[in-house]
file final20.cif (mmCIF, C-alpha atoms and all ligand atoms)
data_upload
loop_
_atom_site.label_atom_id
_atom_site.label_comp_id
_atom_site.auth_asym_id
_atom_site.auth_seq_id
_atom_site.Cartn_x
_atom_site.Cartn_y
_atom_site.Cartn_z
CA MET A 1 2.51 -87.95 65.41
CA SER A 2 5.52 -86.29 63.84
CA ALA A 3 5.71 -82.52 63.30
CA SER A 4 5.18 -83.09 59.60
CA SER A 5 1.87 -84.83 60.10
CA THR A 6 0.28 -82.31 62.45
CA PRO A 7 -2.56 -80.18 61.14
CA SER A 8 -1.59 -76.59 60.32
CA SER A 9 -1.29 -74.20 63.23
CA ALA A 10 -1.16 -70.44 63.74
CA ALA A 11 2.61 -70.72 63.22
CA ASP A 12 1.96 -71.87 59.65
CA ARG A 13 1.97 -68.43 58.07
CA TYR A 14 3.04 -68.09 54.45
CA THR A 15 3.57 -65.19 52.08
CA LEU A 16 2.53 -65.92 48.50
CA TYR A 17 3.56 -63.72 45.58
CA GLY A 18 1.36 -64.07 42.52
CA ALA A 19 -1.97 -63.17 40.99
CA PRO A 20 -5.21 -64.91 40.12
CA GLY A 21 -4.79 -66.94 36.97
CA SER A 22 -1.08 -67.48 37.52
CA GLY A 23 0.75 -70.53 38.85
CA ALA A 24 0.07 -69.04 42.27
CA THR A 25 -3.58 -70.08 42.03
CA PRO A 26 -3.08 -73.84 42.66
CA VAL A 27 -0.59 -72.96 45.42
CA HIS A 28 -3.16 -70.68 47.03
CA ALA A 29 -5.77 -73.45 46.71
CA ALA A 30 -3.44 -75.96 48.39
CA LEU A 31 -2.63 -73.53 51.23
CA THR A 32 -6.36 -72.98 51.75
CA LEU A 33 -7.07 -76.73 51.77
CA VAL A 34 -4.40 -77.41 54.39
CA GLY A 35 -5.75 -74.58 56.53
CA ALA A 36 -2.60 -72.44 56.53
CA GLN A 37 -2.59 -68.67 56.94
CA VAL A 38 -1.59 -66.83 53.78
CA ASP A 39 -0.53 -63.24 53.16
CA THR A 40 -0.77 -62.57 49.45
CA VAL A 41 1.22 -60.04 47.44
CA ASP A 42 -0.49 -59.34 44.12
CA ILE A 43 2.01 -59.34 41.28
CA ALA A 44 1.07 -60.10 37.66
CA THR A 45 4.49 -60.67 36.09
CA TRP A 46 3.10 -61.14 32.59
CA GLU A 47 1.89 -57.52 32.60
CA GLY A 48 5.39 -56.16 32.05
CA GLU A 49 8.80 -55.17 33.32
CA ALA A 50 7.54 -53.09 36.24
CA GLU A 51 5.66 -56.07 37.69
CA ARG A 52 8.60 -58.43 37.13
CA GLU A 53 10.89 -55.92 38.82
CA ARG A 54 8.61 -55.96 41.88
CA VAL A 55 9.24 -59.66 42.44
CA SER A 56 12.92 -59.67 41.45
CA GLY A 57 14.06 -59.03 45.04
CA VAL A 58 12.23 -62.17 46.15
CA ASN A 59 12.73 -64.47 43.16
CA PRO A 60 15.74 -63.78 40.92
CA MET A 61 13.87 -65.58 38.09
CA ARG A 62 11.37 -62.69 38.32
CA GLN A 63 8.48 -65.13 38.25
CA VAL A 64 5.49 -66.08 40.34
CA PRO A 65 4.53 -68.11 42.25
CA ALA A 66 7.08 -67.39 44.95
CA LEU A 67 6.31 -68.63 48.43
CA VAL A 68 7.97 -67.61 51.67
CA LEU A 69 7.70 -70.51 54.13
CA PRO A 70 7.10 -70.08 57.88
CA SER A 71 10.85 -70.74 58.33
CA GLY A 72 11.62 -67.73 56.12
CA GLU A 73 12.98 -69.91 53.33
CA LEU A 74 11.86 -69.07 49.81
CA MET A 75 10.31 -71.69 47.53
CA THR A 76 9.70 -71.26 43.82
CA GLU A 77 8.60 -73.81 41.18
CA SER A 78 4.91 -74.44 41.54
CA ALA A 79 5.08 -78.23 41.28
CA ALA A 80 7.80 -78.42 43.94
CA ILE A 81 5.73 -76.17 46.19
CA LEU A 82 2.62 -78.33 45.71
CA VAL A 83 4.54 -81.55 46.39
CA TRP A 84 6.15 -79.99 49.49
CA LEU A 85 2.80 -78.75 50.87
CA ALA A 86 1.09 -82.08 50.23
CA ASP A 87 3.86 -83.91 52.09
CA ARG A 88 4.01 -81.33 54.89
CA TYR A 89 0.26 -81.65 55.60
CA PRO A 90 -0.63 -85.30 54.92
CA HIS A 91 -3.90 -84.95 56.85
CA ALA A 92 -5.24 -82.86 53.93
CA GLY A 93 -4.97 -85.85 51.57
CA LEU A 94 -3.59 -83.81 48.68
CA CYS A 95 -1.35 -86.52 47.27
CA PRO A 96 -0.67 -90.25 47.41
CA ALA A 97 1.63 -91.16 50.33
CA PRO A 98 5.25 -92.08 49.47
CA ASP A 99 4.49 -95.82 49.64
CA HIS A 100 1.16 -95.58 47.77
CA PRO A 101 0.95 -97.36 44.38
CA LEU A 102 -0.12 -94.09 42.70
CA ARG A 103 2.88 -92.12 44.03
CA ALA A 104 5.03 -92.69 40.94
CA ARG A 105 2.24 -91.61 38.62
CA TYR A 106 1.57 -88.49 40.72
CA LEU A 107 5.24 -87.44 40.66
CA ARG A 108 5.52 -88.17 36.96
CA TRP A 109 2.71 -85.82 35.97
CA MET A 110 3.59 -83.17 38.55
CA VAL A 111 7.04 -82.83 36.96
CA TYR A 112 5.77 -83.26 33.39
CA LEU A 113 3.44 -80.24 33.57
CA PRO A 114 6.04 -77.53 34.27
CA ALA A 115 8.75 -79.25 32.21
CA ALA A 116 6.73 -79.95 29.06
CA ILE A 117 4.05 -77.25 29.14
CA TYR A 118 4.48 -74.40 31.65
CA SER A 119 8.03 -73.59 30.54
CA LEU A 120 6.83 -72.84 26.99
CA PHE A 121 4.87 -69.85 28.29
CA TRP A 122 8.12 -68.03 29.06
CA VAL A 123 8.61 -67.80 25.29
CA ARG A 124 4.98 -67.38 24.32
CA ASP A 125 4.36 -64.51 26.77
CA ASP A 126 7.08 -62.47 25.02
CA PRO A 127 8.14 -64.17 21.76
CA SER A 128 10.99 -61.68 21.23
CA ARG A 129 12.88 -63.33 24.07
CA LEU A 130 13.89 -66.19 21.77
CA VAL A 131 12.70 -65.09 18.36
CA PRO A 132 13.82 -61.49 17.68
CA ASP A 133 12.40 -61.41 14.13
CA PRO A 134 8.72 -60.33 14.40
CA ALA A 135 7.97 -62.07 11.09
CA ALA A 136 9.02 -65.42 12.56
CA GLN A 137 7.00 -65.07 15.75
CA PRO A 138 3.54 -66.19 14.48
CA ALA A 139 5.03 -69.55 13.38
CA MET A 140 6.65 -70.01 16.77
CA LEU A 141 3.35 -69.20 18.50
CA GLU A 142 1.47 -71.63 16.29
CA ARG A 143 3.97 -74.47 16.73
CA SER A 144 4.31 -74.02 20.47
CA ALA A 145 0.49 -74.00 20.76
CA GLU A 146 0.42 -77.31 18.85
CA ARG A 147 3.10 -78.71 21.13
CA ILE A 148 1.16 -77.64 24.23
CA ALA A 149 -2.05 -79.21 22.91
CA HIS A 150 -0.16 -82.42 22.09
CA CYS A 151 1.32 -82.56 25.62
CA TRP A 152 -2.09 -82.04 27.23
CA HIS A 153 -3.63 -84.81 25.06
CA LEU A 154 -0.79 -87.19 25.85
CA MET A 155 -1.21 -86.58 29.56
CA ALA A 156 -4.98 -86.99 29.36
CA ARG A 157 -4.54 -90.30 27.52
CA LYS A 158 -1.79 -91.72 29.68
CA SER A 159 -3.05 -90.62 33.06
CA ALA A 160 -6.63 -91.77 32.51
CA ARG A 161 -7.76 -94.62 34.70
CA PRO A 162 -7.92 -97.87 32.76
CA ARG A 163 -11.48 -98.68 31.76
CA PRO A 164 -12.86 -101.73 33.50
CA THR A 165 -13.07 -104.70 31.17
CA CYS A 166 -16.33 -106.58 30.83
CA SER A 167 -15.07 -109.39 33.04
CA ALA A 168 -13.96 -106.90 35.72
CA THR A 169 -17.43 -105.39 35.92
CA ARG A 170 -19.14 -108.72 36.41
N1 LIG A 201 9.06 -72.70 36.60
C1 LIG A 201 8.08 -71.84 37.21
C2 LIG A 201 7.45 -70.99 36.12
C3 LIG A 201 6.62 -69.87 36.70
C4 LIG A 201 6.09 -68.95 35.61
O1 LIG A 201 6.33 -69.14 34.41
N2 LIG A 201 5.33 -67.96 36.05
C5 LIG A 201 4.81 -66.96 35.15
C6 LIG A 201 3.43 -66.48 35.61
S1 LIG A 201 2.20 -67.78 35.55
C7 LIG A 201 5.70 -65.74 35.22
O2 LIG A 201 6.00 -65.25 36.29
N3 LIG A 201 6.11 -65.25 34.05
C8 LIG A 201 6.91 -64.07 33.93
C9 LIG A 201 8.23 -64.32 33.23
O3 LIG A 201 8.67 -65.48 33.13
O4 LIG A 201 8.84 -63.37 32.82
C10 LIG A 201 7.04 -72.66 37.96
O5 LIG A 201 6.85 -73.82 37.58
O6 LIG A 201 6.43 -72.18 38.92
#
call {"tool": "encode", "arguments": {"input": "final20.cif", "output": "structure tokens"}}
result
Amino acid sequence: MSASSTPSSAADRYTLYGAPGSGATPVHAALTLVGAQVDTVDIATWEGEAERERVSGVNPMRQVPALVLPSGELMTESAAILVWLADRYPHAGLCPAPDHPLRARYLRWMVYLPAAIYSLFWVRDDPSRLVPDPAAQPAMLERSAERIAHCWHLMARKSARPRPTCSATR
């Protein structure tokens, strides 16, 4: 059994920066499922500059989740963290193995979520970052909400399991 397939041990201690309801939540769930030890640092970046400043020394993007690995290396980007944890602890069964037929689909949607949807919240959380004119902000919020809804629908449609045909159910 290689080191990467061993169940988590006492050495597997992580520090997770984030807050409930943030992208740190699925990371915390994955760490719990693999049985790792987690020290959490509560930071709600969307609450303002002071909170973002608190995480800036750890993650220059001033965002959560930020995860310090047992090696001391920092990981950011929630999807990358989830993929890394799932591969690091295969016994937990969190993802299809690299040679599994569903691997491509898994990677596709793991990257799609932050690229197509999560990134839009950087603008929505503080519209003035990209749209300085307050009068123009409601339109941006409305259109980005439509875009997000469209992306969720597309994913739901395309990632759904194909329905069995009549002949397949016989
Ligand atoms: N690309 C990052 C985005 C993380 C992100 O947007 N986090 C939010 C909280 S859920 C944040 O820290 N926002 C504060 C900001 O961007 O200023 C990821 O996928 O993990």
call {"tool": "residues_around", "arguments": {"input": "final20.cif", "residues": "Tyr14 (chain A)", "least_positions_apart": "4", "cutoff": "8 Å", "atoms": "only C-alpha atoms", "output": "list in words"}}
result
Ala36, Gln37, Val38, Asp39, Leu67, Val68, Leu69 and Pro70 of chain A
call {"tool": "residues_near_ligand", "arguments": {"input": "final20.cif", "ligand": "ligand LIG 201 (chain A)", "cutoff": "8 Å", "atoms": "only C-alpha atoms and all ligand atoms", "output": "list of chain:residue names"}}
result
A:Gly18, A:Gly21, A:Ser22, A:Gly23, A:Ala24, A:Ala44, A:Thr45, A:Trp46, A:Arg52, A:Met61, A:Arg62, A:Gln63, A:Val64, A:Pro65, A:Ala66, A:Thr76, A:Glu77, A:Ser78, A:Ala79, A:Ala80, A:Pro114, A:Ala115, A:Tyr118, A:Ser119, A:Phe121, A:Trp122, A:Asp125
call {"tool": "atom_distance", "arguments": {"input": "final20.cif", "atom1": "CA of Val83 (chain A)", "atom2": "CA of Val55 (chain A)"}}
result
22.7 Å
call {"tool": "atom_distance", "arguments": {"input": "final20.cif", "atom1": "CA of Glu47 (chain A)", "atom2": "CA of Ser128 (chain A)"}}
result
15.1 Å
call {"tool": "atom_distance", "arguments": {"input": "final20.cif", "atom1": "CA of Trp109 (chain A)", "atom2": "CA of Leu154 (chain A)"}}
result
10.8 Å
call {"tool": "closest_residue", "arguments": {"input": "final20.cif", "among": "A:Lys158, A:Gly57, A:Glu73, A:His28", "to": "Tyr112 (chain A)", "atoms": "all atoms listed in the file"}}
result
A:Lys158
call {"tool": "residues_around", "arguments": {"input": "final20.cif", "residues": "Leu85 (chain A)", "least_positions_apart": "5", "cutoff": "9 Å", "atoms": "all atoms listed in the file", "output": "PDB file with C-alpha atoms, keeping the file's coordinate frame"}}
result
ATOM      1  CA  VAL A  27      -0.590 -72.960  45.420  1.00  0.00           C
ATOM      2  CA  ALA A  30      -3.440 -75.960  48.390  1.00  0.00           C
ATOM      3  CA  LEU A  31      -2.630 -73.530  51.230  1.00  0.00           C
ATOM      4  CA  VAL A  34      -4.400 -77.410  54.390  1.00  0.00           C
ATOM      5  CA  ALA A  80       7.800 -78.420  43.940  1.00  0.00           C
ATOM      6  CA  PRO A  90      -0.630 -85.300  54.920  1.00  0.00           C
ATOM      7  CA  LEU A  94      -3.590 -83.810  48.680  1.00  0.00           C
TER       8      LEU A  94
END
call {"tool": "closest_residue", "arguments": {"input": "final20.cif", "among": "A:Ala116, A:Pro138, A:Arg143, A:Asp126", "to": "Glu49 (chain A)", "atoms": "all atoms listed in the file"}}
result
A:Asp126
call {"tool": "residues_around", "arguments": {"input": "final20.cif", "residues": "Ala97 (chain A)", "least_positions_apart": "5", "cutoff": "12 Å", "atoms": "all atoms listed in the file", "output": "JSON, numbers by chain"}}
result
{"A": [5, 83, 86, 87, 88, 89, 90, 91, 92, 102, 103, 104, 105, 106, 107]}
call {"tool": "build_atoms", "arguments": {"input": "final20.cif", "residues": "region 29-43 of chain A", "atoms": "N, CA and C atoms", "output": "CSV table (one decimal), in the coordinates of the input"}}
result
chain,number,residue,atom,x,y,z
A,29,ALA,N,-4.7,-72.4,46.4
A,29,ALA,CA,-5.8,-73.4,46.7
A,29,ALA,C,-5.2,-74.5,47.7
A,30,ALA,N,-4.0,-74.9,47.5
A,30,ALA,CA,-3.4,-76.0,48.4
A,30,ALA,C,-3.3,-75.4,49.8
A,31,LEU,N,-2.8,-74.1,49.9
A,31,LEU,CA,-2.6,-73.5,51.2
A,31,LEU,C,-4.0,-73.4,51.9
A,32,THR,N,-5.0,-73.1,51.2
A,32,THR,CA,-6.4,-73.0,51.8
A,32,THR,C,-6.8,-74.4,52.2
A,33,LEU,N,-6.6,-75.4,51.4
A,33,LEU,CA,-7.1,-76.7,51.8
A,33,LEU,C,-6.4,-77.3,53.0
A,34,VAL,N,-5.1,-76.9,53.2
A,34,VAL,CA,-4.4,-77.4,54.4
A,34,VAL,C,-4.7,-76.5,55.6
A,35,GLY,N,-5.4,-75.4,55.4
A,35,GLY,CA,-5.8,-74.6,56.5
A,35,GLY,C,-4.7,-73.6,57.0
A,36,ALA,N,-3.7,-73.3,56.1
A,36,ALA,CA,-2.6,-72.4,56.5
A,36,ALA,C,-3.0,-71.0,56.4
A,37,GLN,N,-2.3,-70.1,57.1
A,37,GLN,CA,-2.6,-68.7,56.9
A,37,GLN,C,-1.7,-68.1,55.8
A,38,VAL,N,-2.3,-67.3,55.0
A,38,VAL,CA,-1.6,-66.8,53.8
A,38,VAL,C,-1.7,-65.3,53.7
A,39,ASP,N,-0.5,-64.7,53.6
A,39,ASP,CA,-0.5,-63.2,53.2
A,39,ASP,C,-0.2,-63.2,51.7
A,40,THR,N,-1.0,-62.6,50.9
A,40,THR,CA,-0.8,-62.6,49.4
A,40,THR,C,-0.2,-61.2,49.0
A,41,VAL,N,0.7,-61.3,48.1
A,41,VAL,CA,1.2,-60.0,47.4
A,41,VAL,C,0.9,-60.1,46.0
A,42,ASP,N,0.0,-59.3,45.5
A,42,ASP,CA,-0.5,-59.3,44.1
A,42,ASP,C,0.5,-58.8,43.1
A,43,ILE,N,1.1,-59.7,42.3
A,43,ILE,CA,2.0,-59.3,41.3
A,43,ILE,C,1.7,-60.1,40.0
